[in-house]
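Colleague: Provided herewith is a single structure, encoded as structure tokens, for subsequent inquiry.
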Amino acid sequence: MLMTRLHVFGVTLFLSTTAALADPVDHPMSGFLTIEGHKNFLQYTCDPPTPQGMKCHFAQVLPSAKGGAEALEKALASIPEIQKQFASKPDEKTCAVMTSLANEMRTGASDSNADRQKFLERWRASGEKEKSDTLKDFENFERVCAHPTRQNIEAWLRWQNAKESKTCSLWVNTYEETFTRQSKNNWVRSGTPGGLCGVVVISTFERDDDSGILWNYRTRKVVTDKNAIKDTDMFSCKNYDEQEQVYTWKNDPVYVGCDYIRFGMY
């Protein structure tokens with residue numbers, strides 16, 4: 001009897017699954033999309049369609065890192081000023097704390113200050129790479145405090161730049177769009193002109209032919225009044241980015257080069 005029930009259950013499950021695949025949902029529901037070759041990710045969730053349309057909620061994630069050649073060049077140009085600051089010894093207290101912590105990290109000693117002791121406990125509980133990088137932070141600064149030569153300051157600045165280049169901030173842009181159905185495989189959103197340049201946003205969900213059940217997303221901005229604002233160094237309607245962005249569900253792994261994630265603006 002038990003085997004019979006299991007058999008019936010299996011057949012029912014197979015038939016219901018087959019039916020679902022044969023008659024897939026004709027509107028997007030939720031998904032995670034990327035733009036090929038770009039560090040740009042998009043997650044969406046769509047409400048069930050109504051006679052007024054289908055509202056979709058988007059969260060665009062843009063990882064970005066500081067550092068790099070331009071930032072390093074600017075930092076190295078500031079070395080003479082940094083040398084002057086250390087020559088006047090305004091940071092003796094900071095140097096004393098950093099030197100003490102660096103020594104305690106190396107030796108395993110404890111600190112009489114409660115806040116610094118908590119810092120050391122968190123540091124010892126972190127991963128090996130994080131421990132190594134943090135110790136190097138302190139040791140580079142320790143050397144600058146002891147001998148603020150150009151060589152030591154440059155080594156410190158180069159290390160900071162290298163770490164910043166592998167530290168990503170996550171910028172999240174959320175927005176909503178309402179789509180109307182154009183066909184079984186297309187949902188379109190075409191807005192009205194808005195903003196100073198009269199920008200119209202045109203977005204489309206297209207069912208992917210390869211899967212039959214997954215959706216890709218296209219969006220672009222069209223400027224209807226390119227002469228609305230006179231050209232300036234900062235902004236021009238004529239230079240507005242009107243290139244179409246194509247997001248696909250075929251999201252292969254994307255290298256972003258982040259060892260650390262920074263939450264917040266700084």
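In the structure tokens, each chain is lettered A, B, ... as it comes, each chain's residues begin at 1, and ligands are numbered from 1 in order of appearance.
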DSSP on the backbone: what in region 25-73 of chain A comes out strand (DSSP E or B), as a list of chain:residue names?

Modeller: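 Here is the list: A:Ser30, A:Gly31, A:Phe32, A:Leu33, A:Thr34, A:Phe41, A:Leu42, A:Gln43, A:Tyr44, A:Thr45, A:Cys46, A:Thr50, A:Gly53, A:Met54, A:Lys55, A:Cys56, A:His57, A:Phe58, A:Ala59, A:Gln60, A:Val61, A:Leu62, A:Pro63, A:Ser64, A:Ala65.
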
Colleague: Report, in Å with one decimal, the straight-line distance from CA of Asp209 (chain A) to CA of Gln245 (chain A).

Modeller: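 These atoms are spaced 18.9 Å apart.
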
Colleague: Which one is closest to Leu196 (chain A): A:Asn152, A:Gln117, A:Thr180, A:Ser236? Count only C-alpha atoms.

Modeller: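 Residue with the minimum atom-to-atom distance to Leu196 (chain A): A:Ser236.
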
Colleague: Skipping near chain neighbours, those fewer than 5 positions away, what residues fall within 9 Å of Asn185 (chain A) using only C-alpha atoms, listed as a PyMOL selection string?

Modeller: chain A and resi 26-27+205-208+215

Colleague: Generate the output file for the selected residues, N, CA and C atoms, as a PDB file, in the first residue's frame.

Modeller:
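Okay, selection_13.pdb is ready:
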```pdb
ATOM      1  N   ASP A  26       3.925  33.424 -17.994  1.00  0.00           N
ATOM      2  CA  ASP A  26       4.143  34.327 -19.123  1.00  0.00           C
ATOM      3  C   ASP A  26       4.539  35.732 -18.677  1.00  0.00           C
ATOM      4  N   HIS A  27       5.089  35.855 -17.486  1.00  0.00           N
ATOM      5  CA  HIS A  27       5.595  37.158 -17.043  1.00  0.00           C
ATOM      6  C   HIS A  27       6.792  36.952 -16.114  1.00  0.00           C
ATOM      7  N   PHE A 205      11.414  43.630 -20.852  1.00  0.00           N
ATOM      8  CA  PHE A 205      11.692  42.259 -20.438  1.00  0.00           C
ATOM      9  C   PHE A 205      11.422  41.360 -21.648  1.00  0.00           C
ATOM     10  N   GLU A 206      12.395  40.514 -22.001  1.00  0.00           N
ATOM     11  CA  GLU A 206      12.238  39.594 -23.121  1.00  0.00           C
ATOM     12  C   GLU A 206      12.496  38.174 -22.643  1.00  0.00           C
ATOM     13  N   ARG A 207      11.569  37.282 -22.961  1.00  0.00           N
ATOM     14  CA  ARG A 207      11.781  35.880 -22.603  1.00  0.00           C
ATOM     15  C   ARG A 207      12.984  35.337 -23.376  1.00  0.00           C
ATOM     16  N   ASP A 208      13.853  34.630 -22.687  1.00  0.00           N
ATOM     17  CA  ASP A 208      15.050  34.088 -23.325  1.00  0.00           C
ATOM     18  C   ASP A 208      14.694  32.834 -24.122  1.00  0.00           C
ATOM     19  N   TRP A 215      14.144  35.322 -18.175  1.00  0.00           N
ATOM     20  CA  TRP A 215      13.956  36.598 -18.853  1.00  0.00           C
ATOM     21  C   TRP A 215      15.235  37.428 -18.834  1.00  0.00           C
TER      22      TRP A 215
END
```

Colleague: What is the CA of Gly31 (chain A)-CA of Arg181 (chain A) distance in Å, reported with one decimal?

Modeller: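 Between these atoms lies a distance of 18.4 Å.
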
Colleague: From the options A:Ala146, A:Lys163, A:Trp249, A:Phe263, which residue's atoms come nearest to Phe86 (chain A), counting only C-alpha atoms?

Modeller: A:Ala146

Colleague: Please return as a ChimeraX atom specification: the residues of region 10-222 of chain A that backbone DSSP assigns to helix (DSSP H, G or I).

Modeller: /A:10-22,69-77,79-87,92-107,114-125,128-146,150-165

Colleague: Could the residues in this selection be written to a file with C-alpha atoms, as a compact mmCIF listing (two decimals), in the first residue's frame?

Modeller:
```
# COMPACT_ATOMS: atom_id res chain seq x y z
CA GLY A 10 5.72 10.35 -7.94
CA VAL A 11 3.53 10.23 -11.04
CA THR A 12 1.52 13.23 -9.84
CA LEU A 13 4.70 15.21 -9.14
CA PHE A 14 6.11 14.31 -12.58
CA LEU A 15 2.92 15.31 -14.37
CA SER A 16 2.63 18.62 -12.50
CA THR A 17 6.29 19.47 -13.17
CA THR A 18 5.92 18.60 -16.86
CA ALA A 19 2.80 20.70 -17.10
CA ALA A 20 4.60 23.65 -15.50
CA LEU A 21 7.43 23.41 -18.02
CA ALA A 22 5.05 23.01 -20.93
CA ALA A 69 47.45 54.77 -10.55
CA GLU A 70 45.90 58.25 -10.44
CA ALA A 71 45.24 58.09 -6.70
CA LEU A 72 48.75 56.79 -6.07
CA GLU A 73 50.33 59.60 -8.10
CA LYS A 74 48.39 62.16 -6.09
CA ALA A 75 49.39 60.50 -2.81
CA LEU A 76 53.08 60.37 -3.71
CA ALA A 77 53.01 64.07 -4.62
CA ILE A 79 55.12 63.19 0.51
CA PRO A 80 56.95 66.51 1.21
CA GLU A 81 53.90 67.81 3.07
CA ILE A 82 53.61 64.58 5.08
CA GLN A 83 57.30 64.85 6.01
CA LYS A 84 56.70 68.37 7.32
CA GLN A 85 53.77 67.16 9.41
CA PHE A 86 55.79 64.37 10.99
CA ALA A 87 58.75 66.74 11.56
CA GLU A 92 53.07 61.62 18.92
CA LYS A 93 50.12 60.10 20.77
CA THR A 94 48.88 58.33 17.63
CA CYS A 95 52.37 57.06 16.90
CA ALA A 96 52.73 55.75 20.46
CA VAL A 97 49.43 53.85 20.25
CA MET A 98 50.18 52.39 16.79
CA THR A 99 53.67 51.32 17.85
CA SER A 100 52.34 49.72 21.03
CA LEU A 101 49.61 47.83 19.18
CA ALA A 102 52.04 46.63 16.50
CA ASN A 103 54.32 45.25 19.21
CA GLU A 104 51.42 43.54 20.99
CA MET A 105 50.28 41.94 17.72
CA ARG A 106 53.78 40.57 17.16
CA THR A 107 54.36 39.35 20.72
CA ALA A 114 40.08 48.22 27.53
CA ASP A 115 39.27 49.54 24.05
CA ARG A 116 42.66 48.55 22.64
CA GLN A 117 42.35 45.13 24.28
CA LYS A 118 38.98 44.60 22.56
CA PHE A 119 40.61 45.58 19.26
CA LEU A 120 43.38 43.02 19.80
CA GLU A 121 40.84 40.30 20.65
CA ARG A 122 38.89 40.99 17.44
CA TRP A 123 42.13 41.03 15.46
CA ARG A 124 43.26 37.66 16.87
CA ALA A 125 39.87 36.15 16.00
CA GLU A 128 44.96 34.97 8.58
CA LYS A 129 44.99 37.39 5.64
CA GLU A 130 43.11 40.06 7.57
CA LYS A 131 45.50 39.66 10.50
CA SER A 132 48.51 39.89 8.21
CA ASP A 133 47.20 42.96 6.37
CA THR A 134 46.24 44.77 9.57
CA LEU A 135 49.65 44.11 11.13
CA LYS A 136 51.29 45.43 7.97
CA ASP A 137 49.14 48.58 8.23
CA PHE A 138 50.44 49.21 11.73
CA GLU A 139 54.05 48.30 10.96
CA ASN A 140 54.22 50.62 7.93
CA PHE A 141 52.90 53.49 10.03
CA GLU A 142 55.23 52.48 12.87
CA ARG A 143 58.25 52.84 10.55
CA VAL A 144 57.07 56.25 9.37
CA CYS A 145 56.68 57.40 12.98
CA ALA A 146 60.20 56.23 13.84
CA ARG A 150 60.69 59.62 1.88
CA GLN A 151 61.35 55.89 1.42
CA ASN A 152 59.27 54.87 4.46
CA ILE A 153 56.42 57.26 3.64
CA GLU A 154 56.32 56.09 0.02
CA ALA A 155 56.21 52.43 1.12
CA TRP A 156 53.33 53.27 3.48
CA LEU A 157 51.40 55.15 0.77
CA ARG A 158 51.96 52.41 -1.82
CA TRP A 159 50.68 49.79 0.63
CA GLN A 160 47.59 51.86 1.45
CA ASN A 161 46.87 52.35 -2.26
CA ALA A 162 47.25 48.63 -2.99
CA LYS A 163 44.81 47.80 -0.20
CA GLU A 164 42.32 50.45 -1.32
CA SER A 165 42.45 49.00 -4.85
```

Colleague: Work out how far apart CA of Thr248 (chain A) and CA of Leu33 (chain A) are and give it in Å to one decimal.

Modeller: 5.1 Å

Colleague: For region 189-195 of chain A, list every protein, DNA or RNA residue within 9 Å, evaluated using only C-alpha atoms, and leave out those in the same chain fewer than 4 positions away; present the list as a list in words.

Modeller: Glu177, Thr178, Phe179, Thr180, Arg181, Val199, Val200, Val201, Ile202, Ser203, Thr204, Phe205, Val222, Val223 and Thr224 of chain A

Colleague: Take the selection from the previous step and output its residues with N, CA and C atoms, as a CSV table (one decimal), in the first residue's frame.

Modeller:
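See part.csv below for the written result:
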```csv
chain,number,residue,atom,x,y,z
A,177,GLU,N,9.7,50.1,-11.9
A,177,GLU,CA,9.1,50.4,-13.3
A,177,GLU,C,7.9,49.6,-13.4
A,178,THR,N,6.9,50.1,-14.2
A,178,THR,CA,5.7,49.4,-14.4
A,178,THR,C,5.6,49.1,-15.9
A,179,PHE,N,5.4,47.8,-16.2
A,179,PHE,CA,5.4,47.3,-17.6
A,179,PHE,C,4.0,46.9,-18.1
A,180,THR,N,3.8,47.0,-19.4
A,180,THR,CA,2.6,46.5,-20.0
A,180,THR,C,3.0,45.4,-21.0
A,181,ARG,N,2.1,44.4,-21.1
A,181,ARG,CA,2.4,43.3,-21.9
A,181,ARG,C,2.2,43.6,-23.4
A,199,VAL,N,14.2,63.3,-20.4
A,199,VAL,CA,14.7,62.0,-20.6
A,199,VAL,C,13.6,61.0,-20.5
A,200,VAL,N,13.5,60.1,-21.5
A,200,VAL,CA,12.5,59.0,-21.5
A,200,VAL,C,13.2,57.7,-21.3
A,201,VAL,N,12.7,56.9,-20.3
A,201,VAL,CA,13.3,55.6,-20.1
A,201,VAL,C,12.5,54.5,-20.8
A,202,ILE,N,13.2,53.7,-21.6
A,202,ILE,CA,12.5,52.6,-22.3
A,202,ILE,C,13.1,51.3,-21.8
A,203,SER,N,12.3,50.5,-21.2
A,203,SER,CA,12.8,49.2,-20.7
A,203,SER,C,12.0,48.1,-21.2
A,204,THR,N,12.6,46.9,-21.4
A,204,THR,CA,11.9,45.7,-21.9
A,204,THR,C,12.4,44.5,-21.2
A,205,PHE,N,11.4,43.6,-20.9
A,205,PHE,CA,11.7,42.3,-20.4
A,205,PHE,C,11.4,41.4,-21.6
A,222,VAL,N,16.5,57.9,-23.5
A,222,VAL,CA,16.5,58.7,-24.7
A,222,VAL,C,16.3,60.2,-24.3
A,223,VAL,N,17.2,61.1,-24.7
A,223,VAL,CA,17.1,62.5,-24.4
A,223,VAL,C,16.2,63.2,-25.5
A,224,THR,N,15.1,63.8,-25.1
A,224,THR,CA,14.2,64.4,-26.1
A,224,THR,C,14.5,65.9,-26.3
```

Colleague: Smallest atom-to-atom distance to Pro49 (chain A): which of A:Trp187, A:Thr34, A:Ile261, A:Cys168, using only C-alpha atoms?

Modeller: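 Smallest separation from Pro49 (chain A) among the options: A:Trp187.
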
Colleague: Which is closer to Pro28 (chain A) than all the others in A:Gln52, A:Ser78, A:Ser211, A:Thr45, using only C-alpha atoms?

Modeller: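 Of the candidates, the smallest distance to Pro28 (chain A) is held by A:Thr45.
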
Colleague: Excluding Thr174 (chain A) and its own-chain neighbours fewer than 4 positions away, which residues fall within 12 Å of it when counting only C-alpha atoms? Please give them as number ranges by chain.

Modeller: A: 41-45, 56-62

Colleague: Put those residues in a file: C-alpha atoms, as a short mmCIF file (atom, residue, chain, number, x, y, z; two decimals), in the first residue's frame.

Modeller:
```cif
data_model
loop_
_atom_site.label_atom_id
_atom_site.label_comp_id
_atom_site.auth_asym_id
_atom_site.auth_seq_id
_atom_site.Cartn_x
_atom_site.Cartn_y
_atom_site.Cartn_z
CA PHE A 41 24.47 43.51 -11.11
CA LEU A 42 20.70 43.77 -11.08
CA GLN A 43 18.16 41.94 -8.93
CA TYR A 44 14.45 42.25 -9.64
CA THR A 45 11.11 41.11 -8.26
CA CYS A 56 8.77 45.48 -10.90
CA HIS A 57 11.20 46.40 -8.13
CA PHE A 58 14.90 46.67 -8.99
CA ALA A 59 18.09 46.79 -6.93
CA GLN A 60 21.19 47.65 -8.95
CA VAL A 61 24.50 46.82 -7.24
CA LEU A 62 27.67 48.59 -8.38
#
```

Colleague: Under the rule that only C-alpha atoms are counted, which of A:Ile35, A:Met29, A:Ile229, A:Ile213 is the nearest residue to Tyr247 (chain A)?

Modeller: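 Distance minimum relative to Tyr247 (chain A) lands on A:Ile35.
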
Colleague: If you count only C-alpha atoms, which residues fall within 12 Å of Ser169 (chain A), apart from same-chain ones fewer than 3 positions away, as an MDAnalysis selection string?

Modeller: chainID A and resid 61:67 164:166 172 256:266

Colleague: Take the residues just selected and output them with N, CA and C atoms as a tab-separated table (two decimals), in the first residue's frame.

Modeller:
```
chain	number	residue	atom	x	y	z
A	61	VAL	N	23.32	46.84	-8.11
A	61	VAL	CA	24.50	46.82	-7.24
A	61	VAL	C	25.74	47.13	-8.07
A	62	LEU	N	26.47	48.16	-7.66
A	62	LEU	CA	27.67	48.59	-8.38
A	62	LEU	C	28.86	48.56	-7.43
A	63	PRO	N	29.72	47.54	-7.51
A	63	PRO	CA	30.92	47.55	-6.68
A	63	PRO	C	31.96	48.49	-7.28
A	64	SER	N	32.58	49.30	-6.44
A	64	SER	CA	33.61	50.21	-6.92
A	64	SER	C	34.75	50.28	-5.91
A	65	ALA	N	35.95	50.43	-6.41
A	65	ALA	CA	37.13	50.49	-5.55
A	65	ALA	C	37.87	51.80	-5.75
A	66	LYS	N	38.49	52.28	-4.68
A	66	LYS	CA	39.36	53.45	-4.76
A	66	LYS	C	40.76	52.97	-5.13
A	67	GLY	N	41.74	53.81	-4.90
A	67	GLY	CA	43.09	53.42	-5.25
A	67	GLY	C	43.34	53.55	-6.74
A	164	GLU	N	43.53	49.76	-0.87
A	164	GLU	CA	42.32	50.45	-1.32
A	164	GLU	C	41.85	49.92	-2.67
A	165	SER	N	42.80	49.52	-3.53
A	165	SER	CA	42.45	49.00	-4.85
A	165	SER	C	41.71	47.67	-4.75
A	166	LYS	N	41.83	46.98	-3.62
A	166	LYS	CA	41.16	45.70	-3.42
A	166	LYS	C	40.06	45.80	-2.36
A	172	VAL	N	24.20	50.76	-4.04
A	172	VAL	CA	22.93	50.11	-4.39
A	172	VAL	C	21.93	51.18	-4.82
A	256	VAL	N	35.83	40.92	-9.66
A	256	VAL	CA	35.78	42.30	-9.21
A	256	VAL	C	37.01	42.69	-8.40
A	257	GLY	N	37.85	41.72	-8.02
A	257	GLY	CA	39.12	42.03	-7.37
A	257	GLY	C	39.02	42.58	-5.97
A	258	CYS	N	38.01	42.18	-5.23
A	258	CYS	CA	37.82	42.70	-3.87
A	258	CYS	C	38.32	41.70	-2.82
A	259	ASP	N	39.26	42.14	-1.99
A	259	ASP	CA	39.61	41.36	-0.80
A	259	ASP	C	38.76	41.81	0.38
A	260	TYR	N	38.31	43.06	0.33
A	260	TYR	CA	37.53	43.62	1.42
A	260	TYR	C	36.29	44.32	0.85
A	261	ILE	N	35.23	44.35	1.64
A	261	ILE	CA	34.03	45.10	1.31
A	261	ILE	C	33.87	46.20	2.34
A	262	ARG	N	33.70	47.43	1.87
A	262	ARG	CA	33.46	48.56	2.78
A	262	ARG	C	32.00	48.94	2.69
A	263	PHE	N	31.31	48.92	3.81
A	263	PHE	CA	29.91	49.31	3.85
A	263	PHE	C	29.83	50.78	4.26
A	264	GLY	N	29.12	51.57	3.49
A	264	GLY	CA	29.04	53.00	3.75
A	264	GLY	C	29.83	53.77	2.72
A	265	MET	N	29.93	55.07	2.92
A	265	MET	CA	30.53	55.95	1.91
A	265	MET	C	32.04	56.05	2.03
A	266	TYR	N	32.62	55.74	3.19
A	266	TYR	CA	34.05	55.97	3.38
A	266	TYR	C	34.79	54.67	3.65
```
